[in-house]
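Okay, structure first, notes after.
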Amino acid sequence: MSQLLFRTLREAPQDAEVESHKLLARASYIYRLSSGVYNYLPLGQRVLNKINSIIRSKLDSVGAQEMFMSVLQPVDIWDESGRSADFGALLPAFQLEGRSGHYVLGPTHEEVATRIVSTYAKSYKDLPVTIYQIQTKFRDEARPRFGLLRTKELIMCDAYSFDVSKEKMVDSYEKLRIAYDQIFKELDLEVTPVEAKSGAIGGDVNHEYMVPSPIGEDTFVSCFSCGYSANTEIAKKRNLSQEEIDSINKSITERFNTLIPEEVLTPGDGSIEEVAGTLNLKDSKESFLKTYVLKDKEDKTKTVFIVVNGDRQIKVPNELEAFEKEDFLNSGLIKGFVSPYNLDPNFNVKVICDYEILKVPESGYVVGANKENYHVTNVVPFKDFKIDEFADVASVQSGDSCPKCNSSLTLIRSVEAAHTFQIGLKYSNAMKNAEFLDSDGGTKPYYMGCYGIGVSRLLAVIAEKHHDSDGLIWPSAVSPFDVVIVPLLASKDDRVKMTANRVYEDLSQICDVLFDDRELSPGVSLADADLIGITLRVVISPKTLISECAEVKDRRTGSIELVKLEVLAQHLSSLLVE
RNA sequence: CGGGGAGUAGCGUAGUUUGGUUAGCGCGCCUGCUUUGGGAGCAGGAGGUCGCGGGUUCGAAUCCCGCUUCCCCGACCA
């Protein structure tokens, strides 16, 4: 330990905000070189190695083959797959000085993997094949966050499966799912696979592996009764049938027939925040209706309003895109004050409303007046404006109804630890030669799957889940060492010194041992051991030697017991397999 | 990219409003002695272009201008 490159800090560096970051920095696991760029010190590297070996053994066990792809990638292959545009600024291409080619630092490796497999697996007899690697990825994140949680450089394990058909692709996906479950189980992390957005990777079916945590950047909905779970970005709510809508229509029209809409002065930019402030309704944003103005991507003259409650986000349907400044000018709509109320009847627009707006508040809704600096209160759907269509266009909130079983949904904040995709043909169709000869002699494209685990992020997630006020508490599977030996008063007591040395030699035969040979005062040694968080701590001191014992502390439970030296090794082994 | 905050020794900080000795303190580090089961005591010591550049001034950590880095909120985020 006197030779280990580390130094514990009593105080966390000022730039560390979340607990995992503070502890990993205080205990010398990681070193920040610049924003979003971390270096792994010897202790951190040991944990990474443990995580990696778990991942390797589980992926190998389902037949995946490890390889190592290049960080440097020619931008051509990104043009070939058509993803240069999808990634945009996250993928900054550059030129090497004095050379002509353009390169990127790989943020992910679908293109490279496809290129390689399409070179070597040309026959259906070569399939299925799944390759993976553990490697550093580069992404120019606009805002790195929370220590290791969101970084510009990250270590990732990415796997790619290639199959002859959609069915086989699903089989491969299943296999990897099983491997993933085992990996997270061994890492002592409770993950929930949730339906998610496939984003720039592509494909249809995909799952994020979520670890619930208050520092998470994602939120997913979960139904405790049927198990439905999905990222809020794509989570569905229960849709109402036409009969239900009709009956609600009837009842609200009756219920609110005396309510008269009233124009109110709301100067400003028309944002919900501001208008709610003016009308003193800050705590009831749900009594506003927000109208988003969109146009059809194909036919840009088609205008669509999407209306949702003021406290919800909109889910933009794929075929639509937002109005821009000049669209507002051309249409005569006033940004910030648009609504379906009091529209020019000749104005051609399709009004799509979210189902949730049918839960009309007592005094109706506040909506834009289609007039600068004015809103309208007491507005009731159906009665006061026409609706062309209902759809699930608003974000989900806690308490909404489950789309599968109708019970109540719960929102859970979480960290995305892994993401798997059934990509299908996206890359094999786009890229040259990404095909094989089938048994019938025909040429077919590969059905692909893609699977990523954020390894460096896991370091933070595990630390976040496993710590107490004294420091880190590593699950034994990833602890940088299995055991730390802390001799107390060794400088004064030769017997302690000799015994500790002997115990160190003995234990080294059966597990990874860290030996605190620093001869510091007892408080420091003990506090450091707790902070670093090695699963088991063995203290040898004059006191314990009186009874020929060592003191064993299990950092996970906090339990402390005296164990006879002659059975120490055996005792520790049994604790480690737990 | 928009908004907010911050850069003083390895880490944490005082001093900046109101310019004025040699920039102070705690932790850590080095030497020596004493101590020793939960971050020891005494004595001595090393370590700073006060983020960078310019300006104002007899004099700048402190005032002014520009730049830069880092953190937080948001936008974005395979």
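Going through the structure tokens in order, the chains are called A, B, and so on, while each chain numbers its residues from 1 and the ligands are numbered from 1 in the order shown.
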
message: Which residues are close to U16 of chain B, i.e. within 12 Å by only C-alpha atoms (C1' of nucleotides), leaving aside same-chain residues fewer than 5 positions away? Reply as a PyMOL selection string.
response: chain B and resi 8+50+60-63

- prompt: Counting only C-alpha atoms (C1' of nucleotides), which residues of chain B come no farther than 10 Å from chain A, as a ChimeraX atom specification?
  reply: /B:1,6,10-12,27-28,35-40,69-72,75-78

Write the selection just made, keeping N, CA, C and O atoms (P, O5', C5', C4', C3', O3' and C1' of nucleotides), as a tab-separated table (two decimals), in the first residue's frame?
```
chain	number	residue	atom	x	y	z
B	1	C	P	-20.53	27.40	-28.41
B	1	C	O5'	-22.09	27.56	-28.12
B	1	C	C5'	-22.91	28.24	-29.05
B	1	C	C4'	-24.32	28.18	-28.59
B	1	C	C3'	-24.63	28.88	-27.27
B	1	C	O3'	-24.76	30.28	-27.43
B	1	C	C1'	-25.70	26.77	-27.31
B	6	A	P	-19.52	33.81	-7.49
B	6	A	O5'	-18.35	32.75	-7.76
B	6	A	C5'	-18.03	31.80	-6.77
B	6	A	C4'	-17.09	30.76	-7.32
B	6	A	C3'	-15.69	31.25	-7.70
B	6	A	O3'	-14.88	31.41	-6.56
B	6	A	C1'	-16.51	29.81	-9.37
B	10	G	P	-0.06	22.78	-6.13
B	10	G	O5'	-0.65	21.34	-5.83
B	10	G	C5'	-0.96	20.43	-6.87
B	10	G	C4'	-1.67	19.26	-6.23
B	10	G	C3'	-2.99	19.62	-5.57
B	10	G	O3'	-4.06	19.53	-6.49
B	10	G	C1'	-1.62	18.46	-4.03
B	11	C	P	-5.25	20.58	-6.41
B	11	C	O5'	-6.02	20.09	-5.10
B	11	C	C5'	-6.79	18.89	-5.14
B	11	C	C4'	-7.49	18.71	-3.81
B	11	C	C3'	-8.30	19.90	-3.33
B	11	C	O3'	-9.56	20.00	-3.95
B	11	C	C1'	-6.98	19.12	-1.56
B	12	G	P	-10.22	21.44	-4.11
B	12	G	O5'	-10.63	21.82	-2.61
B	12	G	C5'	-11.60	21.05	-1.93
B	12	G	C4'	-11.75	21.56	-0.53
B	12	G	C3'	-12.08	23.04	-0.42
B	12	G	O3'	-13.44	23.30	-0.67
B	12	G	C1'	-10.39	22.49	1.13
B	27	C	P	-4.16	20.72	10.54
B	27	C	O5'	-4.56	19.87	9.25
B	27	C	C5'	-5.63	18.95	9.30
B	27	C	C4'	-5.87	18.34	7.95
B	27	C	C3'	-4.70	17.56	7.35
B	27	C	O3'	-4.57	16.26	7.90
B	27	C	C1'	-5.63	18.96	5.70
B	28	G	P	-3.10	15.65	8.12
B	28	G	O5'	-2.54	15.56	6.64
B	28	G	C5'	-3.09	14.63	5.72
B	28	G	C4'	-2.50	14.85	4.35
B	28	G	C3'	-0.98	14.76	4.26
B	28	G	O3'	-0.53	13.42	4.18
B	28	G	C1'	-1.72	16.69	3.13
B	35	U	P	6.85	7.77	23.99
B	35	U	O5'	5.49	8.16	23.27
B	35	U	C5'	4.27	8.03	23.95
B	35	U	C4'	3.13	8.55	23.13
B	35	U	C3'	2.20	7.48	22.58
B	35	U	O3'	1.29	7.04	23.57
B	35	U	C1'	2.64	9.08	20.90
B	36	U	P	1.15	5.46	23.72
B	36	U	O5'	0.11	5.14	22.57
B	36	U	C5'	-1.08	5.94	22.42
B	36	U	C4'	-1.74	5.59	21.11
B	36	U	C3'	-2.07	4.11	21.01
B	36	U	O3'	-3.32	3.94	20.38
B	36	U	C1'	-0.69	4.77	19.20
B	37	G	P	-4.39	2.92	21.03
B	37	G	O5'	-5.00	2.30	19.69
B	37	G	C5'	-5.40	3.17	18.62
B	37	G	C4'	-6.83	2.84	18.20
B	37	G	C3'	-7.81	2.74	19.35
B	37	G	O3'	-9.09	3.17	18.92
B	37	G	C1'	-7.77	0.72	18.21
B	38	G	P	-9.51	4.61	18.82
B	38	G	O5'	-9.05	4.73	17.29
B	38	G	C5'	-8.40	5.91	16.78
B	38	G	C4'	-9.28	6.56	15.75
B	38	G	C3'	-10.57	7.16	16.31
B	38	G	O3'	-10.89	8.32	15.54
B	38	G	C1'	-11.12	5.55	14.70
B	39	G	P	-9.98	9.66	15.95
B	39	G	O5'	-8.84	9.50	14.88
B	39	G	C5'	-9.20	9.41	13.52
B	39	G	C4'	-8.04	9.86	12.68
B	39	G	C3'	-7.61	11.31	12.89
B	39	G	O3'	-6.23	11.35	12.58
B	39	G	C1'	-8.36	10.99	10.67
B	40	A	P	-5.18	11.37	13.75
B	40	A	O5'	-5.54	12.58	14.71
B	40	A	C5'	-4.57	13.55	14.99
B	40	A	C4'	-4.08	13.38	16.42
B	40	A	C3'	-3.01	14.39	16.78
B	40	A	O3'	-3.61	15.60	17.17
B	40	A	C1'	-2.31	12.22	17.44
B	69	U	P	-11.62	27.03	-22.79
B	69	U	O5'	-11.47	26.41	-21.32
B	69	U	C5'	-10.27	25.76	-20.94
B	69	U	C4'	-10.26	25.58	-19.45
B	69	U	C3'	-11.48	24.89	-18.86
B	69	U	O3'	-11.39	23.49	-18.97
B	69	U	C1'	-10.98	26.81	-17.58
B	70	C	P	-12.74	22.64	-19.10
B	70	C	O5'	-13.34	22.70	-17.62
B	70	C	C5'	-12.69	22.02	-16.57
B	70	C	C4'	-13.29	22.41	-15.25
B	70	C	C3'	-14.79	22.18	-15.11
B	70	C	O3'	-15.07	20.82	-14.83
B	70	C	C1'	-14.25	24.30	-14.26
B	71	C	P	-16.50	20.24	-15.24
B	71	C	O5'	-17.44	20.82	-14.11
B	71	C	C5'	-17.32	20.38	-12.76
B	71	C	C4'	-18.26	21.18	-11.89
B	71	C	C3'	-19.72	21.16	-12.29
B	71	C	O3'	-20.38	19.99	-11.84
B	71	C	C1'	-19.08	23.38	-11.84
B	72	C	P	-21.64	19.46	-12.65
B	72	C	O5'	-22.77	20.49	-12.23
B	72	C	C5'	-23.30	20.50	-10.91
B	72	C	C4'	-24.30	21.63	-10.77
B	72	C	C3'	-25.45	21.61	-11.77
B	72	C	O3'	-26.48	20.71	-11.39
B	72	C	C1'	-24.57	23.78	-11.67
B	75	A	P	-34.40	20.61	-20.77
B	75	A	O5'	-33.73	21.20	-22.08
B	75	A	C5'	-34.45	22.08	-22.94
B	75	A	C4'	-33.63	22.41	-24.16
B	75	A	C3'	-33.10	21.21	-24.93
B	75	A	O3'	-34.04	20.71	-25.87
B	75	A	C1'	-31.34	22.72	-24.52
B	76	C	P	-34.16	19.16	-26.09
B	76	C	O5'	-32.70	18.73	-26.56
B	76	C	C5'	-32.21	19.09	-27.85
B	76	C	C4'	-30.76	18.70	-27.98
B	76	C	C3'	-30.45	17.21	-27.81
B	76	C	O3'	-30.67	16.48	-29.00
B	76	C	C1'	-28.95	18.46	-26.50
B	77	C	P	-31.24	15.00	-28.88
B	77	C	O5'	-30.10	14.24	-28.06
B	77	C	C5'	-28.87	13.88	-28.67
B	77	C	C4'	-27.97	13.23	-27.66
B	77	C	C3'	-28.51	11.95	-27.03
B	77	C	O3'	-28.28	10.82	-27.85
B	77	C	C1'	-27.68	13.37	-25.34
B	78	A	P	-29.48	9.79	-28.03
B	78	A	O5'	-28.79	8.60	-28.83
B	78	A	C5'	-28.41	8.78	-30.17
B	78	A	C4'	-27.52	7.67	-30.60
B	78	A	C3'	-28.03	6.27	-30.25
B	78	A	O3'	-27.56	5.35	-31.21
B	78	A	C1'	-25.97	6.68	-29.17
```

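Residues surrounding segment 326-332 of chain A within 9 Å are Val293, Phe323, Lys335 and Phe347 of chain A [only C-alpha atoms (C1' of nucleotides); sequence separation below 3 positions excluded].
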
field: One-decimal distance in Å that lies between atom CA of Val264 of chain A and atom CA of Asp388 of chain A
entry: 26.5 Å

Distance query Val304 of chain A at most 10 Å, only C-alpha atoms (C1' of nucleotides), self and fewer than 4 positions along chain excluded, as a VMD selection string: chain A and resid 291 to 296 320 to 323 348 to 352

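Of the residues under consideration (A:Leu458, A:Met169, A:Leu409, A:Cys157), A:Met169 shows the shortest atom-to-atom contact distance to Val205 of chain A when counting only C-alpha atoms.
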
message: Going by DSSP on the backbone, which residues of segment 13-225 of chain A come out as strand (DSSP E or B)? List them as a VMD selection string.
response: chain A and resid 30 to 34 37 to 40 65 to 66 72 to 74 94 to 95 102 to 105 123 129 to 138 145 150 153 to 163 192 to 195 206 to 212 218 to 223

message: Write out as an MDAnalysis selection string the set of residues from segment 143-371 of chain A that DSSP, computed on the backbone, places in helix (DSSP H, G or I).
response: chainID A and resid 147:149 166:186 242:255 272:278 285:287 325:331 355:358
